[in-house]
Amino acid sequence: MRNDSRLSRMLHVLLHMARHDGPMTSEAIARMLGTNPVVVRRTMAGLRDAGYVRSEKGHGGGWAISADLETVSLLDVHRAVGGPRIFAIGSEHSNPDCAVEKAVNAAVEDALREAEALLVARLGAVTLGELARGFAVHCGRAD
């Protein structure tokens with residue numbers, strides 16, 4: 001199964017945008033990601049609708065950050081880009097007749113609920129500002 005990389009790719013873009021002077025075009029972002037500008041525009045639209053970026057038309061236009069990086073969490077970005085359910089695994093039959101399958105489903109569903117709650121909490125606790133500071137440290141810049 002192919003991984004859904006929208007979250008990591010858009011976090012990548014947002015961090016570059018935060019350091020970039022002026023708007024970035026869909027074409028420039030597409031080159032950076034190795035994809036098509038139409039895909040970039042479609043994905044960025046969710047971020048725009050959530051108020052995290054804005055788009056400017058015309059010469060010198062493009063995409064720019066419009067939110068405070070300290071207030072936007074990784075979970076916010078995941079939701080804005082239309083990310084899938086956190087876990088795609090689960091039971092084959094939600095109401096099985098087999099007692100063994102009922103026991104298995106209950107155990108798996110409990111484990112998935114716990115894991116998802118932990119991951120959602122962690123994604124909600126990390127802001128774009130924290131990522132930007134980590135990026136700056138990796139680049140040898142502590143700003």
# chains A, B, ... in the order shown; residues from 1 in each chain; ligands from 1
call {"tool": "closest_atom_pairs", "arguments": {"of": "stretch 81-136 of chain A", "to": "stretch 38-47 of chain A", "cutoff": "12 Å", "atoms": "only C-alpha atoms", "output": "tab-separated table"}}
result
residue	atom	partner	partner_atom	distance
A:Val81	CA	A:Gly46	CA	5.1
A:Gly82	CA	A:Gly46	CA	7.2
A:Gly83	CA	A:Thr43	CA	10.2
call {"tool": "atom_distance", "arguments": {"atom1": "atom CA of A:Gly22", "atom2": "atom CA of A:Met10"}}
result
17.6 Å
call {"tool": "closest_residue", "arguments": {"among": "A:Val13, A:Val108, A:Leu69, A:Ile86", "to": "A:Met32", "atoms": "only C-alpha atoms"}}
result
A:Val13
call {"tool": "residues_around", "arguments": {"residues": "A:Glu116", "least_positions_apart": "6", "cutoff": "10 Å", "atoms": "only C-alpha atoms", "output": "list in words"}}
result
Arg85, Ile86, Phe87, Asp110 and Arg122 of chain A
call {"tool": "closest_residue", "arguments": {"among": "A:Ala80, A:Thr71, A:Glu109, A:Glu27", "to": "A:Ser94", "atoms": "only C-alpha atoms"}}
result
A:Glu109
call {"tool": "residues_around", "arguments": {"residues": "A:Ile65", "least_positions_apart": "3", "cutoff": "8 Å", "atoms": "only C-alpha atoms", "output": "ChimeraX atom specification"}}
result
/A:14,17-18,52-54
call {"tool": "write_last_selection", "arguments": {"atoms": "all heavy atoms", "output": "PDB file, in the first residue's frame"}}
result
ATOM      1  N   LEU A  14       5.413  24.451   3.726  1.00  0.00           N
ATOM      2  CA  LEU A  14       5.142  25.543   4.657  1.00  0.00           C
ATOM      3  C   LEU A  14       6.414  26.058   5.323  1.00  0.00           C
ATOM      4  O   LEU A  14       6.578  27.266   5.515  1.00  0.00           O
ATOM      5  CB  LEU A  14       4.125  25.093   5.711  1.00  0.00           C
ATOM      6  CG  LEU A  14       2.704  24.890   5.174  1.00  0.00           C
ATOM      7  CD1 LEU A  14       1.845  24.156   6.200  1.00  0.00           C
ATOM      8  CD2 LEU A  14       2.077  26.213   4.775  1.00  0.00           C
ATOM      9  N   MET A  17       8.186  28.124   2.766  1.00  0.00           N
ATOM     10  CA  MET A  17       7.459  29.380   2.582  1.00  0.00           C
ATOM     11  C   MET A  17       7.743  30.348   3.726  1.00  0.00           C
ATOM     12  O   MET A  17       7.854  31.561   3.504  1.00  0.00           O
ATOM     13  CB  MET A  17       5.952  29.109   2.481  1.00  0.00           C
ATOM     14  CG  MET A  17       5.537  28.466   1.183  1.00  0.00           C
ATOM     15  SD  MET A  17       3.796  27.979   1.184  1.00  0.00           S
ATOM     16  CE  MET A  17       3.006  29.562   1.300  1.00  0.00           C
ATOM     17  N   ALA A  18       7.852  29.820   4.935  1.00  0.00           N
ATOM     18  CA  ALA A  18       8.105  30.673   6.103  1.00  0.00           C
ATOM     19  C   ALA A  18       9.457  31.369   6.003  1.00  0.00           C
ATOM     20  O   ALA A  18       9.640  32.459   6.540  1.00  0.00           O
ATOM     21  CB  ALA A  18       8.030  29.840   7.375  1.00  0.00           C
ATOM     22  N   TYR A  52      -4.494  29.209   6.557  1.00  0.00           N
ATOM     23  CA  TYR A  52      -3.067  29.084   6.864  1.00  0.00           C
ATOM     24  C   TYR A  52      -2.171  29.699   5.797  1.00  0.00           C
ATOM     25  O   TYR A  52      -1.047  30.083   6.086  1.00  0.00           O
ATOM     26  CB  TYR A  52      -2.684  27.617   7.069  1.00  0.00           C
ATOM     27  CG  TYR A  52      -3.536  26.920   8.110  1.00  0.00           C
ATOM     28  CD1 TYR A  52      -3.928  25.607   7.947  1.00  0.00           C
ATOM     29  CD2 TYR A  52      -3.971  27.585   9.252  1.00  0.00           C
ATOM     30  CE1 TYR A  52      -4.706  24.962   8.897  1.00  0.00           C
ATOM     31  CE2 TYR A  52      -4.757  26.958  10.197  1.00  0.00           C
ATOM     32  CZ  TYR A  52      -5.122  25.647  10.013  1.00  0.00           C
ATOM     33  OH  TYR A  52      -5.907  25.014  10.950  1.00  0.00           O
ATOM     34  N   VAL A  53      -2.664  29.756   4.565  1.00  0.00           N
ATOM     35  CA  VAL A  53      -1.935  30.396   3.471  1.00  0.00           C
ATOM     36  C   VAL A  53      -2.916  31.266   2.691  1.00  0.00           C
ATOM     37  O   VAL A  53      -4.130  31.124   2.821  1.00  0.00           O
ATOM     38  CB  VAL A  53      -1.265  29.379   2.506  1.00  0.00           C
ATOM     39  CG1 VAL A  53      -0.243  28.518   3.218  1.00  0.00           C
ATOM     40  CG2 VAL A  53      -2.296  28.516   1.806  1.00  0.00           C
ATOM     41  N   ARG A  54      -2.360  32.154   1.897  1.00  0.00           N
ATOM     42  CA  ARG A  54      -3.192  32.958   0.994  1.00  0.00           C
ATOM     43  C   ARG A  54      -2.589  32.849  -0.396  1.00  0.00           C
ATOM     44  O   ARG A  54      -1.394  32.571  -0.545  1.00  0.00           O
ATOM     45  CB  ARG A  54      -3.271  34.409   1.454  1.00  0.00           C
ATOM     46  CG  ARG A  54      -1.983  35.172   1.342  1.00  0.00           C
ATOM     47  CD  ARG A  54      -2.123  36.620   1.858  1.00  0.00           C
ATOM     48  NE  ARG A  54      -0.888  37.331   1.709  1.00  0.00           N
ATOM     49  CZ  ARG A  54       0.167  37.230   2.516  1.00  0.00           C
ATOM     50  NH1 ARG A  54       0.111  36.411   3.553  1.00  0.00           N
ATOM     51  NH2 ARG A  54       1.262  37.915   2.294  1.00  0.00           N
TER      52      ARG A  54
END
call {"tool": "closest_atom_pairs", "arguments": {"of": "stretch 22-106 of chain A", "to": "stretch 130-133 of chain A", "cutoff": "12 Å", "atoms": "only C-alpha atoms", "output": "CSV"}}
result
residue,atom,partner,partner_atom,distance
A:Asp68,CA,A:Glu130,CA,11.7
A:Leu69,CA,A:Glu130,CA,8.2
A:Glu70,CA,A:Glu130,CA,7.3
A:Thr71,CA,A:Glu130,CA,10.2
A:Val72,CA,A:Glu130,CA,10.0
A:Ser73,CA,A:Glu130,CA,9.3
A:Leu74,CA,A:Leu131,CA,9.2
call {"tool": "atom_distance", "arguments": {"atom1": "atom CA of A:Ala67", "atom2": "atom CA of A:Asp4"}}
result
24.4 Å
call {"tool": "select_by_dssp", "arguments": {"residues": "stretch 6-119 of chain A", "states": "helix (DSSP H, G or I)", "output": "ChimeraX atom specification"}}
result
/A:6-19,26-33,37-49,74-80,99-119
call {"tool": "write_last_selection", "arguments": {"atoms": "C-alpha atoms", "output": "PDB file, in the first residue's frame"}}
result
ATOM      1  CA  ARG A   6       0.360  15.013   1.824  1.00  0.00           C
ATOM      2  CA  LEU A   7       1.092  15.972   5.429  1.00  0.00           C
ATOM      3  CA  SER A   8       4.871  15.664   5.217  1.00  0.00           C
ATOM      4  CA  ARG A   9       4.978  17.322   1.793  1.00  0.00           C
ATOM      5  CA  MET A  10       2.863  20.289   2.882  1.00  0.00           C
ATOM      6  CA  LEU A  11       4.859  20.693   6.105  1.00  0.00           C
ATOM      7  CA  HIS A  12       7.965  20.792   3.876  1.00  0.00           C
ATOM      8  CA  VAL A  13       6.368  23.487   1.709  1.00  0.00           C
ATOM      9  CA  LEU A  14       5.142  25.543   4.657  1.00  0.00           C
ATOM     10  CA  LEU A  15       8.595  25.615   6.256  1.00  0.00           C
ATOM     11  CA  HIS A  16      10.170  26.744   2.990  1.00  0.00           C
ATOM     12  CA  MET A  17       7.459  29.380   2.582  1.00  0.00           C
ATOM     13  CA  ALA A  18       8.105  30.673   6.103  1.00  0.00           C
ATOM     14  CA  ARG A  19      11.751  31.354   5.151  1.00  0.00           C
ATOM     15  CA  SER A  26       2.648  26.756  -7.688  1.00  0.00           C
ATOM     16  CA  GLU A  27       5.237  26.007 -10.371  1.00  0.00           C
ATOM     17  CA  ALA A  28       8.162  26.608  -7.986  1.00  0.00           C
ATOM     18  CA  ILE A  29       6.544  24.472  -5.290  1.00  0.00           C
ATOM     19  CA  ALA A  30       5.809  21.738  -7.839  1.00  0.00           C
ATOM     20  CA  ARG A  31       9.474  21.686  -8.939  1.00  0.00           C
ATOM     21  CA  MET A  32      10.558  21.427  -5.304  1.00  0.00           C
ATOM     22  CA  LEU A  33       8.199  18.481  -4.715  1.00  0.00           C
ATOM     23  CA  PRO A  37       1.415  22.565 -10.299  1.00  0.00           C
ATOM     24  CA  VAL A  38      -2.238  21.455 -10.499  1.00  0.00           C
ATOM     25  CA  VAL A  39      -1.626  18.993  -7.647  1.00  0.00           C
ATOM     26  CA  VAL A  40       0.022  21.785  -5.654  1.00  0.00           C
ATOM     27  CA  ARG A  41      -2.922  24.151  -6.204  1.00  0.00           C
ATOM     28  CA  ARG A  42      -5.438  21.454  -5.261  1.00  0.00           C
ATOM     29  CA  THR A  43      -3.601  20.631  -2.040  1.00  0.00           C
ATOM     30  CA  MET A  44      -2.822  24.235  -1.129  1.00  0.00           C
ATOM     31  CA  ALA A  45      -6.512  25.106  -1.531  1.00  0.00           C
ATOM     32  CA  GLY A  46      -7.269  23.223   1.687  1.00  0.00           C
ATOM     33  CA  LEU A  47      -4.607  25.211   3.513  1.00  0.00           C
ATOM     34  CA  ARG A  48      -6.033  28.424   2.049  1.00  0.00           C
ATOM     35  CA  ASP A  49      -9.575  27.494   3.059  1.00  0.00           C
ATOM     36  CA  LEU A  74       0.623  19.422  12.560  1.00  0.00           C
ATOM     37  CA  LEU A  75      -2.869  18.058  13.183  1.00  0.00           C
ATOM     38  CA  ASP A  76      -4.370  21.283  11.798  1.00  0.00           C
ATOM     39  CA  VAL A  77      -2.331  20.856   8.607  1.00  0.00           C
ATOM     40  CA  HIS A  78      -3.259  17.154   8.357  1.00  0.00           C
ATOM     41  CA  ARG A  79      -6.943  18.051   8.530  1.00  0.00           C
ATOM     42  CA  ALA A  80      -6.616  21.000   6.132  1.00  0.00           C
ATOM     43  CA  ALA A  99     -17.349 -15.178  18.465  1.00  0.00           C
ATOM     44  CA  VAL A 100     -13.610 -15.412  17.701  1.00  0.00           C
ATOM     45  CA  GLU A 101     -13.850 -12.611  15.151  1.00  0.00           C
ATOM     46  CA  LYS A 102     -15.824 -10.497  17.657  1.00  0.00           C
ATOM     47  CA  ALA A 103     -13.035 -10.919  20.218  1.00  0.00           C
ATOM     48  CA  VAL A 104     -10.343 -10.159  17.647  1.00  0.00           C
ATOM     49  CA  ASN A 105     -12.194  -7.077  16.368  1.00  0.00           C
ATOM     50  CA  ALA A 106     -12.677  -5.726  19.881  1.00  0.00           C
ATOM     51  CA  ALA A 107      -8.976  -6.127  20.715  1.00  0.00           C
ATOM     52  CA  VAL A 108      -7.789  -4.592  17.448  1.00  0.00           C
ATOM     53  CA  GLU A 109     -10.271  -1.713  17.606  1.00  0.00           C
ATOM     54  CA  ASP A 110      -9.283  -0.894  21.202  1.00  0.00           C
ATOM     55  CA  ALA A 111      -5.584  -0.880  20.289  1.00  0.00           C
ATOM     56  CA  LEU A 112      -6.219   1.320  17.234  1.00  0.00           C
ATOM     57  CA  ARG A 113      -8.326   3.786  19.245  1.00  0.00           C
ATOM     58  CA  GLU A 114      -5.565   4.109  21.844  1.00  0.00           C
ATOM     59  CA  ALA A 115      -2.838   4.500  19.219  1.00  0.00           C
ATOM     60  CA  GLU A 116      -4.851   7.031  17.246  1.00  0.00           C
ATOM     61  CA  ALA A 117      -5.565   9.088  20.379  1.00  0.00           C
ATOM     62  CA  LEU A 118      -1.830   9.203  21.156  1.00  0.00           C
ATOM     63  CA  LEU A 119      -0.877  10.190  17.613  1.00  0.00           C
TER      64      LEU A 119
END
